[in-house]
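J.: This one is upload-v9.txt, compact mmCIF, C-alpha atoms (C1' of nucleotides).
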# COMPACT_ATOMS: atom_id res chain seq x y z
CA MET A 210 123.87 115.80 -152.19
CA PRO A 211 123.18 113.78 -149.04
CA ILE A 212 123.00 115.64 -145.78
CA ARG A 213 124.97 114.05 -143.00
CA LYS A 214 123.04 113.55 -139.85
CA SER A 215 125.75 114.51 -137.44
CA SER A 216 125.09 114.43 -133.73
CA CYS A 217 123.61 117.88 -133.30
CA CYS A 218 120.33 116.88 -131.70
CA ALA A 219 117.96 113.98 -131.27
CA PRO A 220 116.51 112.85 -134.59
CA VAL A 221 113.03 114.03 -135.23
CA LEU A 222 110.11 111.67 -134.89
CA LYS A 223 108.74 110.83 -138.26
CA GLY A 224 105.21 111.32 -139.44
CA GLN A 225 103.88 113.02 -136.36
CA LEU A 226 101.49 114.91 -138.62
CA GLU A 227 100.27 112.83 -141.56
CA PRO A 228 100.81 114.53 -144.94
CA ASP A 229 97.11 114.22 -145.79
CA ARG A 230 96.08 115.83 -142.54
CA ALA A 231 98.71 118.52 -143.10
CA ASP A 232 97.20 119.32 -146.51
CA GLU A 233 93.76 119.53 -144.98
CA LEU A 234 94.83 121.83 -142.15
CA ALA A 235 96.92 123.98 -144.47
CA GLY A 236 93.87 124.47 -146.65
CA LEU A 237 91.93 125.73 -143.67
CA PHE A 238 94.67 128.12 -142.62
CA ARG A 239 95.01 129.38 -146.17
CA ALA A 240 91.30 130.16 -146.13
CA LEU A 241 91.99 132.31 -143.07
CA GLY A 242 95.08 133.85 -144.62
CA ASP A 243 93.42 136.85 -146.20
CA PRO A 244 92.54 140.09 -144.42
CA GLY A 245 89.27 140.45 -146.31
CA ARG A 246 88.14 137.01 -145.28
CA LEU A 247 89.09 137.58 -141.66
CA ARG A 248 87.09 140.77 -141.63
CA LEU A 249 84.18 138.90 -143.18
CA LEU A 250 84.30 136.39 -140.33
CA SER A 251 84.57 139.20 -137.83
CA PHE A 252 81.57 140.98 -139.31
CA LEU A 253 79.52 137.83 -139.20
CA ALA A 254 80.57 137.08 -135.63
CA ALA A 255 79.42 140.56 -134.61
CA GLN A 256 75.94 139.95 -135.98
CA PRO A 257 73.21 138.57 -133.76
CA GLY A 258 72.96 134.91 -134.72
CA GLY A 259 76.35 135.16 -136.42
CA GLU A 260 74.72 135.56 -139.81
CA ALA A 261 74.20 138.17 -142.52
CA CYS A 262 73.38 138.42 -146.20
CA VAL A 263 75.88 139.45 -148.84
CA CYS A 264 74.50 142.91 -149.56
CA HIS A 265 75.57 144.16 -146.13
CA LEU A 266 79.04 142.72 -146.32
CA THR A 267 80.38 144.29 -149.49
CA GLU A 268 80.25 147.92 -148.39
CA PRO A 269 82.13 147.78 -145.07
CA LEU A 270 84.80 145.59 -146.65
CA GLY A 271 85.51 148.05 -149.44
CA LEU A 272 85.67 145.22 -151.97
CA ALA A 273 83.66 144.69 -155.13
CA GLN A 274 80.70 142.33 -154.99
CA PRO A 275 82.33 139.54 -157.08
CA THR A 276 85.33 139.66 -154.78
CA VAL A 277 83.17 139.31 -151.67
CA SER A 278 81.28 136.48 -153.32
CA HIS A 279 84.58 134.78 -154.07
CA HIS A 280 85.76 135.08 -150.48
CA LEU A 281 82.46 133.74 -149.19
CA LYS A 282 82.85 130.78 -151.48
CA VAL A 283 86.35 130.07 -150.24
CA LEU A 284 85.17 130.16 -146.63
CA THR A 285 82.12 128.05 -147.40
CA ASP A 286 84.20 125.46 -149.26
CA ALA A 287 86.39 125.26 -146.17
CA ASN A 288 83.23 124.62 -144.11
CA LEU A 289 83.88 127.69 -142.04
CA LEU A 290 80.57 129.21 -143.18
CA GLU A 291 77.23 127.72 -144.12
CA ARG A 292 74.82 129.29 -146.62
CA GLU A 293 71.07 129.37 -146.67
CA ARG A 294 68.79 130.93 -149.24
CA ARG A 295 65.88 133.06 -148.03
CA GLY A 296 63.97 134.47 -150.93
CA THR A 297 66.22 136.73 -152.94
CA TRP A 298 68.88 136.83 -150.28
CA MET A 299 71.64 134.45 -149.40
CA TYR A 300 72.52 134.21 -145.74
CA TYR A 301 75.94 133.20 -144.50
CA ARG A 302 76.46 131.97 -140.98
CA LEU A 303 79.60 131.39 -138.95
CA ARG A 304 80.51 127.86 -137.94
CA LEU A 305 82.06 128.41 -134.54
CA ASP A 306 82.48 124.68 -134.03
CA ARG A 307 84.90 124.55 -136.97
CA LEU A 308 86.99 127.36 -135.54
CA GLU A 309 87.14 125.54 -132.24
CA GLU A 310 88.30 122.39 -134.02
CA LEU A 311 91.03 124.38 -135.69
CA CYS A 312 92.16 125.77 -132.34
CA ALA A 313 92.34 122.28 -130.92
CA ALA A 314 94.48 121.21 -133.88
CA LEU A 315 96.85 124.12 -133.32
CA VAL A 316 97.49 123.69 -129.63
CA PRO A 317 97.04 120.51 -127.62
CA PRO A 318 93.80 121.00 -125.67
CA ARG A 319 95.44 120.44 -122.31
CA LYS A 320 97.96 123.19 -122.89
CA LEU A 321 95.22 125.46 -124.17
CA ALA A 322 93.23 124.94 -121.00
CA ASN A 323 96.31 125.84 -118.97
CA ALA A 324 96.85 128.97 -121.00
CA LEU A 325 93.27 130.08 -120.55
CA GLN A 326 93.53 129.45 -116.84
CA ARG A 327 96.70 131.51 -116.62
CA ARG A 328 95.01 134.34 -118.46
CA ALA A 329 91.92 134.18 -116.28
CA SER A 330 93.97 134.42 -113.12
CA LEU A 331 95.57 137.74 -114.05
CA MET B 273 76.81 150.50 -159.51
CA PRO B 274 75.66 151.14 -155.98
CA ILE B 275 74.21 148.23 -154.08
CA ARG B 276 70.89 148.98 -152.42
CA LYS B 277 70.75 148.01 -148.82
CA SER B 278 67.26 146.64 -148.74
CA SER B 279 65.82 145.31 -145.52
CA CYS B 280 67.19 141.79 -145.66
CA CYS B 281 68.94 141.78 -142.32
CA ALA B 282 70.38 144.06 -139.69
CA PRO B 283 73.27 146.12 -141.05
CA VAL B 284 76.66 144.87 -140.10
CA LEU B 285 78.69 146.59 -137.41
CA LYS B 286 81.60 148.39 -138.96
CA GLY B 287 85.24 147.95 -138.13
CA GLN B 288 84.83 145.13 -135.67
CA LEU B 289 88.25 143.92 -136.79
CA GLU B 290 90.62 146.75 -137.67
CA PRO B 291 92.17 146.43 -141.15
CA ASP B 292 95.68 146.63 -139.69
CA ARG B 293 94.97 143.86 -137.24
CA ALA B 294 93.35 141.85 -140.03
CA ASP B 295 96.52 142.16 -142.12
CA GLU B 296 98.60 141.04 -139.16
CA LEU B 297 96.44 138.02 -138.41
CA ALA B 298 96.16 137.08 -142.07
CA GLY B 299 99.95 137.07 -142.28
CA LEU B 300 100.09 134.62 -139.40
CA PHE B 301 97.51 132.32 -140.92
CA ARG B 302 99.25 132.45 -144.27
CA ALA B 303 102.42 131.32 -142.52
CA LEU B 304 100.43 128.29 -141.31
CA GLY B 305 98.85 127.75 -144.73
CA ASP B 306 101.43 125.35 -146.10
CA PRO B 307 101.55 121.62 -145.39
CA GLY B 308 105.33 121.59 -145.21
CA ARG B 309 105.36 124.32 -142.59
CA LEU B 310 102.67 122.60 -140.54
CA ARG B 311 104.69 119.41 -140.57
CA LEU B 312 107.74 121.40 -139.53
CA LEU B 313 105.84 122.73 -136.54
CA SER B 314 104.59 119.26 -135.76
CA PHE B 315 108.09 117.81 -135.89
CA LEU B 316 109.39 120.50 -133.61
CA ALA B 317 106.53 120.03 -131.18
CA ALA B 318 107.33 116.32 -131.00
CA GLN B 319 110.91 117.03 -129.97
CA PRO B 320 111.87 117.23 -126.30
CA GLY B 321 112.18 120.94 -125.63
CA GLY B 322 110.29 121.65 -128.84
CA GLU B 323 113.50 122.32 -130.71
CA ALA B 324 115.68 120.82 -133.43
CA CYS B 325 118.34 121.81 -135.92
CA VAL B 326 117.77 122.02 -139.65
CA CYS B 327 119.70 118.92 -140.66
CA HIS B 328 117.13 116.64 -139.04
CA LEU B 329 114.16 118.40 -140.55
CA THR B 330 114.93 118.21 -144.24
CA GLU B 331 114.84 114.44 -144.62
CA PRO B 332 111.47 113.58 -143.03
CA LEU B 333 109.84 116.45 -144.90
CA GLY B 334 111.03 115.25 -148.28
CA LEU B 335 111.95 118.79 -149.29
CA ALA B 336 115.26 120.20 -150.44
CA GLN B 337 117.39 122.04 -147.90
CA PRO B 338 116.84 125.52 -149.39
CA THR B 339 113.11 124.91 -149.27
CA VAL B 340 113.21 123.92 -145.61
CA SER B 341 115.36 126.93 -144.86
CA HIS B 342 112.81 129.12 -146.62
CA HIS B 343 109.92 127.69 -144.62
CA LEU B 344 111.82 128.11 -141.38
CA LYS B 345 112.43 131.74 -142.30
CA VAL B 346 108.74 132.32 -142.99
CA LEU B 347 107.79 130.83 -139.62
CA THR B 348 110.53 132.74 -137.83
CA ASP B 349 109.51 136.03 -139.45
CA ALA B 350 105.99 135.35 -138.19
CA ASN B 351 107.47 134.89 -134.69
CA LEU B 352 106.13 131.35 -134.55
CA LEU B 353 109.69 130.02 -134.17
CA GLU B 354 112.82 131.37 -132.57
CA ARG B 355 116.32 130.56 -133.74
CA GLU B 356 119.49 130.11 -131.80
CA ARG B 357 122.94 129.37 -133.09
CA ARG B 358 124.99 126.63 -131.40
CA GLY B 359 128.28 126.17 -133.14
CA THR B 360 127.73 125.08 -136.69
CA TRP B 361 124.09 124.27 -136.10
CA MET B 362 121.05 126.46 -136.00
CA TYR B 363 118.34 125.44 -133.59
CA TYR B 364 114.71 126.30 -134.12
CA ARG B 365 112.25 126.25 -131.25
CA LEU B 366 108.48 126.40 -131.19
CA ARG B 367 106.78 129.40 -129.65
CA LEU B 368 103.72 127.86 -128.07
CA ASP B 369 102.71 131.20 -126.59
CA ARG B 370 102.24 132.59 -130.10
CA LEU B 371 100.04 129.70 -131.12
CA GLU B 372 97.93 130.25 -128.00
CA GLU B 373 97.59 133.92 -128.90
CA LEU B 374 96.40 132.96 -132.34
CA CYS B 375 93.82 130.60 -130.87
CA ALA B 376 92.53 133.36 -128.64
CA ALA B 377 92.21 135.63 -131.67
CA LEU B 378 90.24 132.97 -133.55
CA VAL B 379 87.70 132.15 -130.90
CA PRO B 380 86.68 134.36 -127.97
CA PRO B 381 88.41 132.84 -124.92
CA ARG B 382 85.16 132.35 -123.04
CA LYS B 383 83.63 130.29 -125.83
CA LEU B 384 86.86 128.33 -126.12
CA ALA B 385 86.77 127.49 -122.45
CA ASN B 386 83.21 126.28 -122.87
CA ALA B 387 84.17 124.14 -125.84
CA LEU B 388 87.05 122.57 -123.95
CA GLN B 389 84.80 121.87 -121.01
CA ARG B 390 82.25 120.20 -123.29
CA ARG B 391 84.94 118.05 -124.78
CA ALA B 392 86.37 117.12 -121.39
CA SER B 393 82.97 116.01 -120.15
CA LEU B 394 82.50 113.44 -122.91
C1' DT C 171 55.97 138.02 -169.25
C1' DC C 172 59.12 141.68 -168.30
C1' DC C 173 61.85 144.24 -165.22
C1' DT C 174 64.58 144.68 -161.18
C1' DT C 175 67.31 143.14 -157.39
C1' DA C 176 70.66 139.83 -155.29
C1' DC C 177 74.13 136.92 -156.02
C1' DA C 178 77.24 133.65 -158.63
C1' DT C 179 80.34 132.57 -162.35
C1' DC C 180 83.62 133.66 -166.02
C1' DG C 181 87.81 135.49 -167.87
C1' DA C 182 91.73 138.26 -167.63
C1' DT C 183 95.54 140.46 -165.24
C1' DG C 184 99.08 141.23 -161.99
C1' DA C 185 101.12 139.91 -157.68
C1' DA C 186 102.53 136.49 -154.32
C1' DC C 187 104.25 132.02 -153.41
C1' DG C 188 106.57 127.15 -153.36
C1' DT C 189 110.30 124.84 -155.13
C1' DC C 190 115.08 123.87 -156.02
C1' DG C 191 119.86 124.24 -158.23
C1' DA C 192 123.67 127.17 -157.74
C1' DT C 193 126.17 129.97 -154.85
C1' DA C 194 127.38 132.64 -150.72
C1' DT C 195 128.18 132.79 -145.67
C1' DT C 196 129.40 131.24 -141.22
C1' DG C 197 131.73 128.42 -137.92
C1' DC C 198 134.79 124.60 -136.62
C1' DG C 199 139.03 121.76 -136.71
C1' DC C 200 143.53 121.19 -138.39
C1' DG D 289 144.59 130.18 -143.62
C1' DC D 290 142.52 125.90 -145.72
C1' DG D 291 138.88 122.74 -146.24
C1' DC D 292 134.67 120.95 -144.86
C1' DA D 293 130.05 120.88 -142.97
C1' DA D 294 125.66 123.42 -141.90
C1' DT D 295 122.74 126.83 -143.22
C1' DA D 296 121.22 131.04 -145.71
C1' DT D 297 120.51 133.67 -149.88
C1' DC D 298 119.86 134.23 -154.85
C1' DG D 299 117.61 133.62 -159.21
C1' DA D 300 114.40 131.48 -162.04
C1' DC D 301 110.32 128.89 -163.14
C1' DG D 302 105.63 127.39 -162.74
C1' DT D 303 101.55 127.66 -159.94
C1' DT D 304 98.24 129.67 -157.16
C1' DC D 305 95.65 133.57 -155.81
C1' DA D 306 93.18 138.20 -155.18
C1' DT D 307 90.80 141.42 -157.71
C1' DC D 308 87.19 143.21 -160.65
C1' DG D 309 84.41 144.14 -165.02
C1' DA D 310 81.25 141.70 -167.74
C1' DT D 311 77.88 138.43 -167.89
C1' DG D 312 74.86 134.68 -166.28
C1' DT D 313 71.19 132.95 -163.07
C1' DA D 314 67.54 132.93 -159.93
C1' DA D 315 63.80 134.95 -157.31
C1' DG D 316 60.15 138.38 -156.47
C1' DG D 317 56.84 142.00 -157.95
C1' DA D 318 53.80 144.27 -161.24
Using C-alpha cells, write down the structure from this file.
T.:
Amino acid sequence: MPIRKSSCCAPVLKGQLEPDRADELAGLFRALGDPGRLRLLSFLAAQPGGEACVCHLTEPLGLAQPTVSHHLKVLTDANLLERERRGTWMYYRLRLDRLEELCAALVPPRKLANALQRRASL
Amino acid sequence: MPIRKSSCCAPVLKGQLEPDRADELAGLFRALGDPGRLRLLSFLAAQPGGEACVCHLTEPLGLAQPTVSHHLKVLTDANLLERERRGTWMYYRLRLDRLEELCAALVPPRKLANALQRRASL
DNA sequence: TCCTTACATCGATGAACGTCGATATTGCGC
DNA sequence: GCGCAATATCGACGTTCATCGATGTAAGGA
C-alpha cells in the first residue's frame, strides 16, 4: 500500500546517515544500553588511571562473575574498553577518546561547543 | 562462592553512578541503539527546523509504516523527540537539548571541552 | 606436578525487542 | 454522516539479549 507524499512538509533529505554507519553507531549505543555496563564504566572512570581488574568490579555491581565478564567483553568488543593482562589479573581501562568520538557523532561539534559555553556562563 | 579481594588494585569506589540513574541513562542509550532510529534522528536533523511528518520518513528508511511509528514512539517516550499535531499530519521534532544532556552524561564537560579544543586546533 | 586463584566460555532459560500485516483512531472535506 | 488519508495500536513471530551455574583455561606458588 503506497503512501502518498502529500504536501505536508519538505521531503526529507535521503541518506544523511549511511546505513552502514548507522549500524556501527547503533552497536555502540546498544553497548551503552545496559545499566550494569554503565555502572562498570562509571566505576572504571572513578579509578585512578581509569582502570581496574575484574575481581573488584563484580561485588559493587551485584552481578555474578560470568555476567560481569560478559559485560566487559561487550564493552571491549565495542572498543570502549581495552584489556591488559598482568599476572593472574586482567585489567580493564576506559577509552575516553571513544566516548568523545561518540559524543561528536551525537551532536555536531559546533553546537556542542555552544552548549558547553552556555552552561559555563551560568 | 565468595570472590577474594586480593591486592590486585585499589578497590573501586562504590555507587559512583546511582542504579536509578544508570537505568535512566541505559534507557536513553537503548533508544539510540537501533540503526533505524538513528537514521530517523539524522533525517530530522537534516530538515529545516529539525522537524518532519511521518509520511516522509517511512520511504527513505525502507521500513513499514507501523515500524516507523513504533520507532518514533520509542524516541518520543525517551523525550528525544516531541510531537505536534497539525491537521491530519503529525510532526516530530528533534530535541537537541536532550542529546546535549546525554553527551554531558557520557563525558565530563571539562574533558569534552578539552577534546573539542584539541580538535579545533588541528 | 598439584592446588588455588582469576577470569573466560558454554549452555540454557526467560525476557525484551524489531518487524509487519491487520485493524483501530483521528481529522479533513464533501 | 460518509469516505478517505495519515497515523497509532494490536497481535504474532523470530531474533537478540541478560543472567547465571557449570565448566574450561591460564597463571602463580609450594
J.: Contacts between chain D and chain B, please, where a residue of chain B counts if it comes within 12 Å (with all atoms listed in the file); show its shortest atom pair and distance in Å to one decimal, rows by chain and ascending number, as JSON lines.
T.:
{"residue": "B:Met273", "atom": "CA", "partner": "D:DG309", "partner_atom": "C1'", "distance": 11.3}
{"residue": "B:Cys325", "atom": "CA", "partner": "D:DA294", "partner_atom": "C1'", "distance": 9.6}
{"residue": "B:Val326", "atom": "CA", "partner": "D:DT295", "partner_atom": "C1'", "distance": 7.8}
{"residue": "B:Cys327", "atom": "CA", "partner": "D:DA294", "partner_atom": "C1'", "distance": 7.6}
{"residue": "B:His328", "atom": "CA", "partner": "D:DA294", "partner_atom": "C1'", "distance": 11.3}
{"residue": "B:Thr330", "atom": "CA", "partner": "D:DT295", "partner_atom": "C1'", "distance": 11.7}
{"residue": "B:Gln337", "atom": "CA", "partner": "D:DT295", "partner_atom": "C1'", "distance": 8.6}
{"residue": "B:Pro338", "atom": "CA", "partner": "D:DA296", "partner_atom": "C1'", "distance": 7.9}
{"residue": "B:Thr339", "atom": "CA", "partner": "D:DA296", "partner_atom": "C1'", "distance": 10.8}
{"residue": "B:Val340", "atom": "CA", "partner": "D:DT295", "partner_atom": "C1'", "distance": 10.2}
{"residue": "B:Ser341", "atom": "CA", "partner": "D:DA296", "partner_atom": "C1'", "distance": 7.2}
{"residue": "B:His342", "atom": "CA", "partner": "D:DA296", "partner_atom": "C1'", "distance": 8.7}
{"residue": "B:His343", "atom": "CA", "partner": "D:DA296", "partner_atom": "C1'", "distance": 11.8}
{"residue": "B:Leu344", "atom": "CA", "partner": "D:DA296", "partner_atom": "C1'", "distance": 10.8}
{"residue": "B:Lys345", "atom": "CA", "partner": "D:DA296", "partner_atom": "C1'", "distance": 9.5}
{"residue": "B:Arg357", "atom": "CA", "partner": "D:DT295", "partner_atom": "C1'", "distance": 10.4}
{"residue": "B:Arg358", "atom": "CA", "partner": "D:DA294", "partner_atom": "C1'", "distance": 11.0}
{"residue": "B:Gly359", "atom": "CA", "partner": "D:DA294", "partner_atom": "C1'", "distance": 9.5}
{"residue": "B:Thr360", "atom": "CA", "partner": "D:DA294", "partner_atom": "C1'", "distance": 5.8}
{"residue": "B:Trp361", "atom": "CA", "partner": "D:DA294", "partner_atom": "C1'", "distance": 6.1}
{"residue": "B:Met362", "atom": "CA", "partner": "D:DT295", "partner_atom": "C1'", "distance": 7.4}
{"residue": "B:Tyr363", "atom": "CA", "partner": "D:DT295", "partner_atom": "C1'", "distance": 10.7}
J.: Give me, as JSON, numbers by chain, all polymer residues having an atom no more than 7 Å from B:Ala298, counting all atoms listed in the file and skipping those fewer than 4 positions away in the same chain.
T.: {"A": [241, 242, 243, 244], "B": [294, 302]}
J.: How far is it from atom C1' of C:DA178 to atom CA of A:Ala254, in Å with one decimal?
T.: 23.5 Å
J.: Just the number, please: distance in Å from atom CA of B:Leu366 to atom CA of A:Ala314, one decimal.
T.: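 The value is 15.2 Å.
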J.: Which chain C residues are at most 8 Å from chain A (counting all atoms listed in the file), as number ranges by chain?
T.: C: 175-178
J.: For C-alpha atoms (C1' of nucleotides), I'd like the residues from the last selection saved as a PDB file, in the coordinates of the input.
T.:
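Result written to out-v7.pdb:
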ATOM      1  C1'  DT C 175      67.310 143.140-157.390  1.00  0.00           C
ATOM      2  C1'  DA C 176      70.660 139.830-155.290  1.00  0.00           C
ATOM      3  C1'  DC C 177      74.130 136.920-156.020  1.00  0.00           C
ATOM      4  C1'  DA C 178      77.240 133.650-158.630  1.00  0.00           C
TER       5       DA C 178
END
J.: May I ask for the distance between atom CA of B:Phe315 and atom CA of B:Gly299, given in Å to one decimal place?
T.: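 Between atom CA of B:Phe315 and atom CA of B:Gly299 the gap is 21.9 Å.
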